[in-house]
$ cat my_file-v7.tsv   # TSV, C-alpha atoms
chain	number	residue	atom	x	y	z
H	1	MET	CA	100.39	80.60	92.77
H	2	TRP	CA	99.51	80.34	96.44
H	3	LYS	CA	103.10	80.85	97.56
H	4	ASP	CA	103.47	83.94	95.35
H	5	LEU	CA	100.29	85.53	96.66
H	6	LEU	CA	100.63	84.57	100.32
H	7	PRO	CA	103.09	87.29	101.50
H	8	ILE	CA	101.24	90.23	99.93
H	9	GLY	CA	99.68	92.51	102.54
H	10	ARG	CA	100.44	90.20	105.45
H	11	GLU	CA	100.81	91.77	108.88
H	12	ALA	CA	103.65	90.24	110.88
H	13	ALA	CA	102.08	91.05	114.25
H	14	SER	CA	98.74	89.35	113.64
H	15	GLY	CA	99.52	86.95	110.81
H	16	GLY	CA	96.45	88.34	109.05
H	17	TYR	CA	96.05	90.40	105.90
H	18	ARG	CA	95.41	94.08	105.20
H	19	ARG	CA	94.75	94.16	101.49
H	20	PHE	CA	92.56	97.25	101.41
H	21	ALA	CA	91.23	98.76	98.20
H	22	TRP	CA	93.57	101.03	96.24
H	23	THR	CA	96.51	100.60	98.65
H	24	GLY	CA	99.98	99.26	97.92
H	25	ALA	CA	98.97	95.73	98.90
H	26	ASP	CA	95.98	95.94	96.56
H	27	VAL	CA	98.23	97.10	93.72
H	28	ASP	CA	100.54	94.15	94.35
H	29	CYS	CA	97.59	91.75	94.27
H	30	ARG	CA	96.47	93.29	90.99
H	31	GLU	CA	99.94	92.87	89.51
H	32	TRP	CA	99.86	89.23	90.58
H	33	PHE	CA	96.52	88.76	88.80
H	34	ARG	CA	97.82	90.41	85.64
H	35	ALA	CA	100.94	88.23	85.66
H	36	GLN	CA	98.83	85.08	86.01
H	37	ALA	CA	96.66	86.13	83.08
H	38	GLU	CA	99.53	87.05	80.80
H	39	SER	CA	101.55	83.92	81.62
H	40	ARG	CA	98.62	81.87	80.30
H	41	GLY	CA	98.20	83.93	77.14
H	42	LEU	CA	94.84	85.30	78.30
H	43	ALA	CA	93.51	88.67	77.13
H	44	TYR	CA	93.85	91.00	80.12
H	45	GLU	CA	91.76	94.10	80.73
H	46	VAL	CA	90.51	96.39	83.51
H	47	ASP	CA	86.95	97.65	83.28
H	48	ARG	CA	85.72	101.16	84.08
H	49	ASN	CA	85.22	100.26	87.76
H	50	GLY	CA	88.67	98.79	88.34
H	51	ASN	CA	87.61	95.13	88.13
H	52	GLN	CA	90.22	92.92	86.45
H	53	TRP	CA	89.39	90.42	83.70
H	54	ALA	CA	91.36	87.62	82.04
H	55	TRP	CA	89.75	86.19	78.90
H	56	LEU	CA	90.07	82.93	77.01
H	57	GLY	CA	88.17	83.58	73.81
H	58	ASP	CA	86.63	86.76	72.45
H	59	PRO	CA	85.79	89.25	75.25
H	60	ALA	CA	83.25	90.90	72.94
H	61	ALA	CA	81.35	87.68	72.25
H	62	GLU	CA	78.17	86.78	74.12
H	63	ASP	CA	77.16	84.00	76.49
H	64	ALA	CA	80.51	83.96	78.33
H	65	VAL	CA	81.14	81.74	81.33
H	66	VAL	CA	82.89	83.71	84.07
H	67	THR	CA	84.46	82.63	87.33
H	68	GLY	CA	86.56	84.37	89.98
H	69	SER	CA	86.17	86.26	93.24
H	70	HIS	CA	88.20	89.00	94.99
H	71	LEU	CA	91.69	89.56	96.41
H	72	ASP	CA	91.10	92.28	99.03
H	73	SER	CA	90.61	91.50	102.71
H	74	VAL	CA	89.00	92.62	105.94
H	75	PRO	CA	91.37	94.03	108.61
H	76	ASP	CA	93.68	91.19	109.67
H	77	GLY	CA	91.66	88.76	107.58
H	78	GLY	CA	92.53	85.23	106.55
H	79	ALA	CA	94.35	84.02	103.47
H	80	PHE	CA	91.42	82.17	101.88
H	81	ASP	CA	88.45	84.58	101.83
H	82	GLY	CA	88.45	85.77	98.24
H	83	PRO	CA	91.90	84.65	97.05
H	84	LEU	CA	90.97	80.96	97.12
H	85	GLY	CA	88.35	81.66	94.46
H	86	VAL	CA	90.77	83.53	92.22
H	87	VAL	CA	93.64	81.05	92.59
H	88	SER	CA	91.23	78.14	92.02
H	89	SER	CA	89.90	79.83	88.88
H	90	PHE	CA	93.35	79.94	87.27
H	91	ALA	CA	94.04	76.39	88.47
H	92	ALA	CA	90.72	75.19	87.03
H	93	LEU	CA	91.64	76.72	83.67
H	94	ASP	CA	94.97	74.88	83.82
H	95	GLU	CA	93.05	71.68	84.55
H	96	LEU	CA	90.75	72.23	81.56
H	97	ARG	CA	93.76	72.66	79.31
H	98	SER	CA	95.39	69.52	80.68
H	99	ARG	CA	92.18	67.64	79.83
H	100	GLY	CA	92.29	68.97	76.29
H	101	ALA	CA	88.92	70.64	76.77
H	102	ARG	CA	87.89	73.06	74.02
H	103	PRO	CA	85.48	75.76	75.22
H	104	THR	CA	82.78	76.73	72.75
H	105	ARG	CA	81.87	79.79	74.83
H	106	PRO	CA	84.20	82.60	75.98
H	107	LEU	CA	85.69	81.88	79.39
H	108	ALA	CA	86.85	84.59	81.81
H	109	ILE	CA	88.36	84.98	85.26
H	110	VAL	CA	87.56	88.14	87.23
H	111	ASN	CA	88.94	89.88	90.30
H	112	PHE	CA	86.28	92.24	91.64
H	113	GLY	CA	87.60	95.32	93.42
H	114	ASP	CA	86.86	96.29	97.03
H	115	GLU	CA	84.59	93.36	97.85
H	116	GLU	CA	85.13	93.52	101.60
H	117	GLY	CA	84.57	97.26	102.00
H	118	ALA	CA	87.27	97.39	104.68
H	119	ARG	CA	88.53	100.84	103.65
H	120	PHE	CA	85.43	102.77	102.61
H	121	GLY	CA	82.77	100.94	104.62
H	122	LEU	CA	80.69	99.59	101.73
H	123	ALA	CA	81.04	95.99	100.56
H	124	CYS	CA	81.20	94.85	96.92
H	125	VAL	CA	81.94	98.29	95.49
H	126	GLY	CA	83.32	96.99	92.17
H	127	SER	CA	80.41	94.67	91.44
H	128	ARG	CA	77.81	97.14	92.79
H	129	LEU	CA	79.08	99.82	90.41
H	130	ALA	CA	79.05	97.43	87.46
H	131	ALA	CA	75.52	96.27	88.26
H	132	GLY	CA	74.22	99.81	88.76
H	133	GLN	CA	73.47	99.21	92.44
H	134	LEU	CA	75.86	102.01	93.45
H	135	THR	CA	75.81	105.29	91.57
H	136	PRO	CA	79.00	107.20	90.71
H	137	GLU	CA	77.79	110.01	92.97
H	138	GLN	CA	77.37	107.64	95.90
H	139	ALA	CA	80.77	106.11	95.24
H	140	HIS	CA	82.47	109.51	95.09
H	141	ALA	CA	80.97	110.34	98.49
H	142	LEU	CA	82.69	107.37	100.18
H	143	ARG	CA	85.53	108.26	102.56
H	144	ASP	CA	88.02	106.17	104.51
H	145	ALA	CA	88.95	106.70	108.16
H	146	ASP	CA	91.54	109.31	107.17
H	147	GLY	CA	89.04	111.29	105.09
H	148	VAL	CA	90.49	110.14	101.76
H	149	GLY	CA	87.75	109.78	99.15
H	150	LEU	CA	87.32	106.77	96.89
H	151	ALA	CA	87.97	108.92	93.82
H	152	GLU	CA	91.22	110.25	95.24
H	153	ALA	CA	92.36	106.76	96.22
H	154	MET	CA	91.63	105.40	92.74
H	155	GLU	CA	93.46	108.30	91.12
H	156	ARG	CA	96.51	107.77	93.33
H	157	ALA	CA	96.56	104.13	92.21
H	158	GLY	CA	96.51	105.17	88.56
H	159	TYR	CA	92.82	104.67	87.72
H	160	ASP	CA	90.29	107.14	86.39
H	161	PRO	CA	87.55	107.76	88.99
H	162	GLU	CA	85.47	109.73	86.50
H	163	ALA	CA	84.93	106.59	84.42
H	164	ILE	CA	83.15	104.56	87.09
H	165	GLY	CA	79.52	103.58	86.66
H	166	PRO	CA	77.10	100.92	85.39
H	167	ASP	CA	78.49	98.42	82.89
H	168	PRO	CA	75.36	96.81	81.37
H	169	GLU	CA	76.99	95.93	78.06
H	170	ARG	CA	79.67	93.85	79.77
H	171	LEU	CA	77.20	92.11	82.06
H	172	ALA	CA	74.92	91.37	79.10
H	173	ARG	CA	77.73	89.32	77.55
H	174	ILE	CA	77.90	87.01	80.59
H	175	GLY	CA	75.83	83.85	80.32
H	176	ALA	CA	76.83	82.46	83.72
H	177	PHE	CA	78.98	83.51	86.69
H	178	VAL	CA	80.21	80.86	89.13
H	179	GLU	CA	82.13	81.97	92.22
H	180	LEU	CA	84.13	79.53	94.33
H	181	HIS	CA	84.67	80.57	97.95
H	182	VAL	CA	85.92	79.07	101.17
H	183	GLU	CA	82.93	78.25	103.35
H	184	GLN	CA	82.43	80.77	106.13
H	185	GLY	CA	80.94	78.33	108.60
H	186	ARG	CA	81.10	74.61	109.44
H	187	ALA	CA	78.18	73.09	107.54
H	188	LEU	CA	80.44	71.13	105.18
H	189	ASP	CA	82.72	70.02	107.98
H	190	LEU	CA	79.75	68.73	109.93
H	191	SER	CA	78.32	66.94	106.90
H	192	GLY	CA	81.66	65.43	105.84
H	193	HIS	CA	81.60	66.94	102.32
H	194	PRO	CA	84.59	68.82	100.84
H	195	ILE	CA	82.47	70.81	98.37
H	196	GLY	CA	79.03	72.44	98.57
H	197	ILE	CA	76.70	74.47	96.38
H	198	ALA	CA	75.06	77.70	97.55
H	199	SER	CA	71.29	77.86	97.66
H	200	ALA	CA	70.86	81.45	98.87
H	201	ILE	CA	72.51	84.39	100.64
H	202	TRP	CA	70.71	85.75	103.68
H	203	PRO	CA	69.59	89.38	103.59
H	204	HIS	CA	72.10	91.53	105.45
H	205	GLY	CA	73.10	95.10	106.11
H	206	ARG	CA	75.19	97.57	108.09
H	207	TRP	CA	73.78	100.23	110.39
H	208	ARG	CA	75.64	103.05	112.17
H	209	PHE	CA	74.52	103.96	115.68
H	210	ASP	CA	75.48	107.42	116.98
H	211	PHE	CA	75.30	107.77	120.76
H	212	HIS	CA	75.54	111.46	121.72
H	213	GLY	CA	76.29	112.20	125.38
H	214	GLU	CA	78.28	114.84	127.26
H	215	ALA	CA	82.06	114.94	127.59
H	216	ASN	CA	83.26	115.33	131.15
H	217	HIS	CA	86.03	114.50	133.60
H	218	ALA	CA	86.24	110.83	134.60
H	219	GLY	CA	87.72	111.67	137.99
H	220	THR	CA	85.44	114.45	139.17
H	221	THR	CA	81.97	113.81	137.71
H	222	ARG	CA	79.55	111.93	139.95
H	223	LEU	CA	78.04	108.82	138.38
H	224	GLU	CA	74.54	110.21	138.74
H	225	ASP	CA	75.55	113.43	136.94
H	226	ARG	CA	76.93	111.71	133.86
H	227	ARG	CA	75.48	111.46	130.36
H	228	ASP	CA	77.78	108.65	129.30
H	229	PRO	CA	77.16	107.30	125.79
H	230	MET	CA	79.47	104.36	126.44
H	231	LEU	CA	76.90	102.90	128.83
H	232	THR	CA	74.19	103.13	126.20
H	233	TYR	CA	76.47	101.63	123.58
H	234	ALA	CA	77.48	98.74	125.86
H	235	ASN	CA	73.86	97.96	126.68
H	236	THR	CA	73.00	98.05	122.96
H	237	VAL	CA	75.73	95.51	122.18
H	238	LEU	CA	74.27	93.13	124.76
H	239	ALA	CA	70.73	93.79	123.53
H	240	ALA	CA	71.79	93.02	119.95
H	241	ARG	CA	73.11	89.63	121.00
H	242	LYS	CA	69.92	88.81	122.90
H	243	LYS	CA	67.52	89.97	120.18
H	244	ALA	CA	69.41	88.05	117.50
H	245	ARG	CA	69.55	84.87	119.58
H	246	LEU	CA	65.83	84.93	120.27
H	247	ALA	CA	65.06	85.41	116.57
H	248	GLY	CA	67.55	82.88	115.22
H	249	ALA	CA	69.39	85.71	113.46
H	250	LEU	CA	72.86	87.26	113.67
H	251	ALA	CA	73.88	90.68	115.01
H	252	THR	CA	77.39	91.98	115.59
H	253	PHE	CA	78.89	95.27	116.70
H	254	GLY	CA	82.37	94.86	115.24
H	255	LYS	CA	83.54	98.45	114.88
H	256	VAL	CA	83.45	101.37	117.30
H	257	SER	CA	84.84	104.90	117.47
H	258	VAL	CA	84.93	107.15	120.51
H	259	GLU	CA	85.29	110.92	120.96
H	260	PRO	CA	87.37	112.37	122.52
H	261	ASN	CA	88.82	108.88	123.18
H	262	GLY	CA	90.69	109.75	126.38
H	263	VAL	CA	91.29	107.33	129.23
H	264	ASN	CA	90.28	109.92	131.82
H	265	ALA	CA	87.39	111.41	129.82
H	266	ILE	CA	83.72	110.55	129.65
H	267	PRO	CA	82.96	110.32	125.91
H	268	SER	CA	80.85	112.90	124.14
H	269	LEU	CA	80.13	110.55	121.23
H	270	VAL	CA	80.32	106.83	120.65
H	271	ARG	CA	79.72	105.43	117.17
H	272	GLY	CA	79.09	101.72	116.74
H	273	TRP	CA	78.51	99.82	113.54
H	274	LEU	CA	76.02	96.95	113.52
H	275	ASP	CA	76.16	94.08	111.06
H	276	SER	CA	72.96	92.04	111.08
H	277	ARG	CA	71.76	89.08	109.01
H	278	ALA	CA	68.83	86.69	109.02
H	279	ALA	CA	67.27	83.95	106.93
H	280	ASP	CA	64.47	86.22	105.74
H	281	GLN	CA	63.68	89.91	105.39
H	282	GLU	CA	60.90	90.01	107.98
H	283	THR	CA	63.12	88.55	110.69
H	284	LEU	CA	65.99	90.90	109.86
H	285	ASP	CA	63.75	93.97	109.93
H	286	ALA	CA	62.29	92.92	113.27
H	287	VAL	CA	65.68	92.27	114.87
H	288	VAL	CA	67.15	95.62	113.77
H	289	ALA	CA	64.02	97.44	114.96
H	290	GLU	CA	64.27	95.71	118.35
H	291	ILE	CA	67.94	96.67	118.67
H	292	GLU	CA	67.14	100.29	117.81
H	293	ARG	CA	64.28	100.32	120.32
H	294	ALA	CA	66.53	98.94	123.06
H	295	ALA	CA	69.18	101.57	122.28
H	296	VAL	CA	66.71	104.45	122.37
H	297	GLU	CA	65.10	103.27	125.60
H	298	ARG	CA	68.46	102.90	127.32
H	299	GLY	CA	69.55	106.26	125.93
H	300	GLU	CA	66.58	107.95	127.57
H	301	ARG	CA	67.67	106.53	130.93
H	302	ASP	CA	71.28	107.61	130.38
H	303	GLY	CA	70.51	111.08	129.01
H	304	VAL	CA	72.01	110.02	125.67
H	305	ASP	CA	70.59	110.82	122.22
H	306	VAL	CA	70.59	107.80	119.89
H	307	ARG	CA	70.41	107.96	116.10
H	308	MET	CA	70.55	104.99	113.74
H	309	THR	CA	71.51	105.26	110.04
H	310	ARG	CA	71.42	102.41	107.54
H	311	GLU	CA	74.66	102.55	105.54
H	312	SER	CA	74.23	99.52	103.28
H	313	PHE	CA	71.78	96.72	102.64
H	314	THR	CA	71.57	93.63	100.44
H	315	PRO	CA	68.24	91.78	100.14
H	316	VAL	CA	67.97	88.00	100.12
H	317	VAL	CA	69.58	86.35	97.11
H	318	GLU	CA	68.02	83.11	95.94
H	319	PHE	CA	70.40	81.70	93.35
H	320	GLY	CA	68.61	80.71	90.15
H	321	HIS	CA	67.46	77.12	90.33
H	322	ALA	CA	68.32	76.32	86.70
H	323	LEU	CA	72.05	77.05	87.04
H	324	ARG	CA	72.15	75.72	90.58
H	325	ASP	CA	70.54	72.46	89.48
H	326	GLU	CA	73.00	72.23	86.60
H	327	LEU	CA	75.88	72.47	89.05
H	328	ALA	CA	74.27	69.82	91.26
H	329	ALA	CA	73.97	67.48	88.26
H	330	LEU	CA	77.63	68.02	87.38
H	331	LEU	CA	78.89	67.52	90.93
H	332	GLY	CA	76.79	64.59	92.10
H	333	ASP	CA	76.26	64.46	95.87
H	334	ALA	CA	77.51	67.95	96.78
H	335	PRO	CA	75.12	69.37	99.39
H	336	VAL	CA	73.15	72.56	98.74
H	337	LEU	CA	73.29	75.05	101.61
H	338	PRO	CA	72.58	78.72	102.39
H	339	THR	CA	75.09	81.25	103.67
H	340	GLY	CA	74.94	84.38	105.77
H	341	ALA	CA	77.95	85.94	104.04
H	342	GLY	CA	77.64	88.42	101.17
H	343	HIS	CA	79.51	87.95	97.90
H	344	ASP	CA	79.95	89.54	94.48
H	345	ALA	CA	77.88	86.65	93.11
H	346	GLY	CA	74.97	87.91	95.18
H	347	ILE	CA	75.29	91.40	93.72
H	348	LEU	CA	75.48	90.11	90.14
H	349	SER	CA	72.54	87.75	90.58
H	350	ALA	CA	70.08	90.52	89.70
H	351	SER	CA	71.74	90.92	86.29
H	352	VAL	CA	73.42	87.59	85.47
H	353	PRO	CA	72.70	83.89	86.15
H	354	THR	CA	74.95	83.16	89.12
H	355	ALA	CA	75.95	80.24	91.32
H	356	MET	CA	78.48	79.54	94.06
H	357	LEU	CA	80.67	76.66	95.17
H	358	PHE	CA	81.97	76.36	98.73
H	359	VAL	CA	85.15	74.61	99.88
H	360	ARG	CA	85.16	73.05	103.35
H	361	ASN	CA	86.59	75.10	106.21
H	362	PRO	CA	87.33	72.68	109.07
H	363	THR	CA	87.27	75.31	111.82
H	364	GLY	CA	84.44	77.41	110.40
H	365	VAL	CA	86.52	80.50	111.26
H	366	SER	CA	86.59	83.31	108.70
H	367	HIS	CA	87.66	86.98	108.64
H	368	SER	CA	90.54	85.88	110.87
H	369	PRO	CA	94.08	84.55	110.42
H	370	ALA	CA	92.72	81.20	111.68
H	371	GLU	CA	90.71	80.80	108.48
H	372	THR	CA	91.89	77.68	106.66
H	373	ALA	CA	91.16	74.88	104.22
H	374	ALA	CA	93.01	71.61	103.71
H	375	GLU	CA	95.05	71.24	100.53
H	376	ASP	CA	93.09	68.15	99.48
H	377	ASP	CA	89.82	70.09	99.82
H	378	CYS	CA	91.24	73.02	97.86
H	379	LEU	CA	92.26	70.64	95.08
H	380	ALA	CA	88.80	69.06	95.20
H	381	GLY	CA	87.43	72.58	94.75
H	382	VAL	CA	89.62	73.10	91.67
H	383	THR	CA	88.42	69.82	90.20
H	384	ALA	CA	84.79	70.68	90.93
H	385	LEU	CA	85.16	74.13	89.38
H	386	ALA	CA	86.88	72.64	86.32
H	387	ASP	CA	84.02	70.14	85.97
H	388	VAL	CA	81.51	72.98	86.16
H	389	LEU	CA	83.37	75.16	83.66
H	390	GLU	CA	83.76	72.25	81.28
H	391	GLY	CA	80.08	71.41	81.58
H	392	LEU	CA	79.02	74.99	80.95
H	393	ALA	CA	81.61	76.24	78.45
H	394	CYS	CA	82.46	73.14	76.42
H	395	ARG	CA	79.02	71.82	75.56

$ encode --input "my_file-v7.tsv" --output "structure tokens"
Amino acid sequence: MWKDLLPIGREAASGGYRRFAWTGADVDCREWFRAQAESRGLAYEVDRNGNQWAWLGDPAAEDAVVTGSHLDSVPDGGAFDGPLGVVSSFAALDELRSRGARPTRPLAIVNFGDEEGARFGLACVGSRLAAGQLTPEQAHALRDADGVGLAEAMERAGYDPEAIGPDPERLARIGAFVELHVEQGRALDLSGHPIGIASAIWPHGRWRFDFHGEANHAGTTRLEDRRDPMLTYANTVLAARKKARLAGALATFGKVSVEPNGVNAIPSLVRGWLDSRAADQETLDAVVAEIERAAVERGERDGVDVRMTRESFTPVVEFGHALRDELAALLGDAPVLPTGAGHDAGILSASVPTAMLFVRNPTGVSHSPAETAAEDDCLAGVTALADVLEGLACR
């Protein structure tokens, strides 16, 4: 499975992946998922929001046990973020069959669409739509960098954008959702454990900063006459790092656009996107407010107007203790640890009992081609997931 999936959407120059929602690479990943489902005799379907499902047992029955993750990627992302969870789900099902396990509850594997938000700027679109946390109107307003709307992109890929929306009946049939994911950090590597259990997902969000200055000639405009938004932006990036460090939080400006974007031109507008996360809501709010304050104060010195817009936000997710404790009982000494990364499991947690398993990442690097996991640890993840599915679905 891994060898078949590995080449899809890979960029030769970087070695990373560009599996963006509703593109050719995404279609190829979806075809791979469908082939895996059909080769195992599973009932395959696509829901109204483009999420793929593979069912063992009656899809219409209640109290289903569901596992899976996503197949899309960030720009030049690694091979494991998302796909490891989907590949491991099929492998865990194979393991259950080899054990002769007989599920008494429906069992499903899911591939949620557009989890990373790399194309349209909003993470977890497929699961947010299903859970009613993103309205069809909001989804239809999403645009990519080329101005292509989500609806148009879905239609080009052969899906009906008018059908998207909340899917409460489907979610009501799910008794438990367990997502396996490569760890995005080094906690397991430092502790010496191949597998971990998620306790919580930190609150996190994305904010767009617009720095409006005055376009001018780089070779003729005196420094003291400039209203250069790049200076304000640069200072804000440094301020974000400082404010986050002092608060024990995280803050990253990872995307920027510049107008008119000429080497010999002072910009008229710089847009920067902030990703910030913290262990609790109060800390996150305080850090973002401090970053905004620093930007505005520097903007006043530079003659630059600063505006901040929150584009997405996910509150803290505390995974339900009952299911989490059940996983801990099934897996023995697996450590329980929080994460700063968002996941579909976090979105579904408001509607469905959810839990997460992590597989050790020896470098801690993620969202990069350097992201990795040892084969032995991946196989340990499959075994752990099979143990969990057997414990939940075969009792």

$ atom_distance --input "my_file-v7.tsv" --atom1 "atom CA of H:Ser73" --atom2 "atom CA of H:Gly196"
22.7 Å

$ atom_distance --input "my_file-v7.tsv" --atom1 "atom CA of H:Leu190" --atom2 "atom CA of H:Glu371"
16.4 Å

$ closest_residue --input "my_file-v7.tsv" --among "H:Ala60, H:Ala384, H:Val110, H:Ala157" --to "H:Val46" --atoms "all atoms listed in the file"
H:Val110

$ closest_residue --input "my_file-v7.tsv" --among "H:Leu284, H:Ala21, H:Leu323, H:Val87" --to "H:Met154" --atoms "all atoms listed in the file"
H:Ala21

$ closest_residue --input "my_file-v7.tsv" --among "H:Val317, H:Ala118, H:Ile174, H:Leu180" --to "H:Gly77" --atoms "all atoms listed in the file"
H:Ala118

$ residues_around --input "my_file-v7.tsv" --residues "H:Pro362" --least-positions-apart "6" --cutoff "12 Å" --atoms "all atoms listed in the file" --output "ChimeraX atom specification"
/H:182-195,370-375,377-378

$ residues_around --input "my_file-v7.tsv" --residues "H:Glu282" --least-positions-apart "5" --cutoff "12 Å" --atoms "all atoms listed in the file" --output "PyMOL selection string"
chain H and resi 202-204+247+249+277+287-289+315-316

$ write_last_selection --input "my_file-v7.tsv" --atoms "C-alpha atoms" --output "CSV table (one decimal), keeping the file's coordinate frame"
chain,number,residue,atom,x,y,z
H,202,TRP,CA,70.7,85.8,103.7
H,203,PRO,CA,69.6,89.4,103.6
H,204,HIS,CA,72.1,91.5,105.4
H,247,ALA,CA,65.1,85.4,116.6
H,249,ALA,CA,69.4,85.7,113.5
H,277,ARG,CA,71.8,89.1,109.0
H,287,VAL,CA,65.7,92.3,114.9
H,288,VAL,CA,67.2,95.6,113.8
H,289,ALA,CA,64.0,97.4,115.0
H,315,PRO,CA,68.2,91.8,100.1
H,316,VAL,CA,68.0,88.0,100.1

$ axis_aligned_box --input "my_file-v7.tsv" --around "stretch 35-49 of chain H" --padding-each-side "6 Å" --output "AutoDock Vina command-line options"
--center_x 93.4 --center_y 91.5 --center_z 82.4 --size_x 28.3 --size_y 31.3 --size_z 22.6

$ closest_atom_pairs --input "my_file-v7.tsv" --of "stretch 283-344 of chain H" --to "stretch 230-243 of chain H" --cutoff "9 Å" --atoms "only C-alpha atoms" --output "tab-separated table"
residue	atom	partner	partner_atom	distance
H:Val287	CA	H:Lys243	CA	6.1
H:Val288	CA	H:Ala240	CA	8.2
H:Glu290	CA	H:Lys243	CA	6.8
H:Ile291	CA	H:Ala240	CA	5.5
H:Glu292	CA	H:Thr236	CA	8.1
H:Ala294	CA	H:Thr236	CA	6.5
H:Ala295	CA	H:Thr236	CA	5.2
H:Val296	CA	H:Thr232	CA	8.5
H:Arg298	CA	H:Thr232	CA	5.8
H:Gly299	CA	H:Thr232	CA	5.6
H:Arg301	CA	H:Thr232	CA	8.7
H:Asp302	CA	H:Thr232	CA	6.8
H:Val304	CA	H:Thr232	CA	7.2
H:Val306	CA	H:Thr232	CA	8.6

$ atom_distance --input "my_file-v7.tsv" --atom1 "atom CA of H:Arg119" --atom2 "atom CA of H:Ala131"
20.7 Å

$ closest_residue --input "my_file-v7.tsv" --among "H:Asp47, H:Glu38, H:Glu62, H:Asp144" --to "H:Tyr159" --atoms "only C-alpha atoms"
H:Asp47

$ residues_around --input "my_file-v7.tsv" --residues "H:Leu122" --least-positions-apart "6" --cutoff "10 Å" --atoms "all atoms listed in the file" --output "count of residues only"
13

$ build_atoms --input "my_file-v7.tsv" --residues "stretch 27-39 of chain H" --atoms "N, CA, C and O atoms" --output "PDB file, keeping the file's coordinate frame"
ATOM      1  N   VAL H  27      97.506  96.980  94.990  1.00  0.00           N
ATOM      2  CA  VAL H  27      98.230  97.100  93.720  1.00  0.00           C
ATOM      3  C   VAL H  27      99.065  95.851  93.460  1.00  0.00           C
ATOM      4  O   VAL H  27      99.099  95.318  92.341  1.00  0.00           O
ATOM      5  N   ASP H  28      99.733  95.351  94.501  1.00  0.00           N
ATOM      6  CA  ASP H  28     100.540  94.150  94.350  1.00  0.00           C
ATOM      7  C   ASP H  28      99.681  92.940  93.986  1.00  0.00           C
ATOM      8  O   ASP H  28     100.080  92.101  93.164  1.00  0.00           O
ATOM      9  N   CYS H  29      98.506  92.833  94.609  1.00  0.00           N
ATOM     10  CA  CYS H  29      97.590  91.750  94.270  1.00  0.00           C
ATOM     11  C   CYS H  29      97.137  91.853  92.818  1.00  0.00           C
ATOM     12  O   CYS H  29      97.039  90.846  92.095  1.00  0.00           O
ATOM     13  N   ARG H  30      96.888  93.060  92.368  1.00  0.00           N
ATOM     14  CA  ARG H  30      96.470  93.290  90.990  1.00  0.00           C
ATOM     15  C   ARG H  30      97.585  92.929  90.004  1.00  0.00           C
ATOM     16  O   ARG H  30      97.312  92.356  88.943  1.00  0.00           O
ATOM     17  N   GLU H  31      98.808  93.244  90.369  1.00  0.00           N
ATOM     18  CA  GLU H  31      99.940  92.870  89.510  1.00  0.00           C
ATOM     19  C   GLU H  31     100.073  91.359  89.441  1.00  0.00           C
ATOM     20  O   GLU H  31     100.405  90.795  88.393  1.00  0.00           O
ATOM     21  N   TRP H  32      99.850  90.704  90.573  1.00  0.00           N
ATOM     22  CA  TRP H  32      99.860  89.230  90.580  1.00  0.00           C
ATOM     23  C   TRP H  32      98.814  88.683  89.626  1.00  0.00           C
ATOM     24  O   TRP H  32      99.091  87.771  88.839  1.00  0.00           O
ATOM     25  N   PHE H  33      97.593  89.225  89.682  1.00  0.00           N
ATOM     26  CA  PHE H  33      96.520  88.760  88.800  1.00  0.00           C
ATOM     27  C   PHE H  33      96.915  88.960  87.336  1.00  0.00           C
ATOM     28  O   PHE H  33      96.743  88.055  86.503  1.00  0.00           O
ATOM     29  N   ARG H  34      97.433  90.126  87.029  1.00  0.00           N
ATOM     30  CA  ARG H  34      97.820  90.410  85.640  1.00  0.00           C
ATOM     31  C   ARG H  34      98.899  89.438  85.165  1.00  0.00           C
ATOM     32  O   ARG H  34      98.839  88.929  84.034  1.00  0.00           O
ATOM     33  N   ALA H  35      99.871  89.162  86.036  1.00  0.00           N
ATOM     34  CA  ALA H  35     100.940  88.230  85.660  1.00  0.00           C
ATOM     35  C   ALA H  35     100.400  86.838  85.399  1.00  0.00           C
ATOM     36  O   ALA H  35     100.832  86.150  84.459  1.00  0.00           O
ATOM     37  N   GLN H  36      99.429  86.394  86.214  1.00  0.00           N
ATOM     38  CA  GLN H  36      98.830  85.080  86.010  1.00  0.00           C
ATOM     39  C   GLN H  36      98.098  85.016  84.664  1.00  0.00           C
ATOM     40  O   GLN H  36      98.159  84.018  83.955  1.00  0.00           O
ATOM     41  N   ALA H  37      97.393  86.092  84.350  1.00  0.00           N
ATOM     42  CA  ALA H  37      96.660  86.130  83.080  1.00  0.00           C
ATOM     43  C   ALA H  37      97.614  86.098  81.897  1.00  0.00           C
ATOM     44  O   ALA H  37      97.437  85.304  80.950  1.00  0.00           O
ATOM     45  N   GLU H  38      98.632  86.944  81.950  1.00  0.00           N
ATOM     46  CA  GLU H  38      99.530  87.050  80.800  1.00  0.00           C
ATOM     47  C   GLU H  38     100.385  85.800  80.635  1.00  0.00           C
ATOM     48  O   GLU H  38     100.707  85.414  79.504  1.00  0.00           O
ATOM     49  N   SER H  39     100.745  85.137  81.732  1.00  0.00           N
ATOM     50  CA  SER H  39     101.550  83.920  81.620  1.00  0.00           C
ATOM     51  C   SER H  39     100.781  82.785  80.953  1.00  0.00           C
ATOM     52  O   SER H  39     101.377  81.836  80.444  1.00  0.00           O
TER      53      SER H  39
END
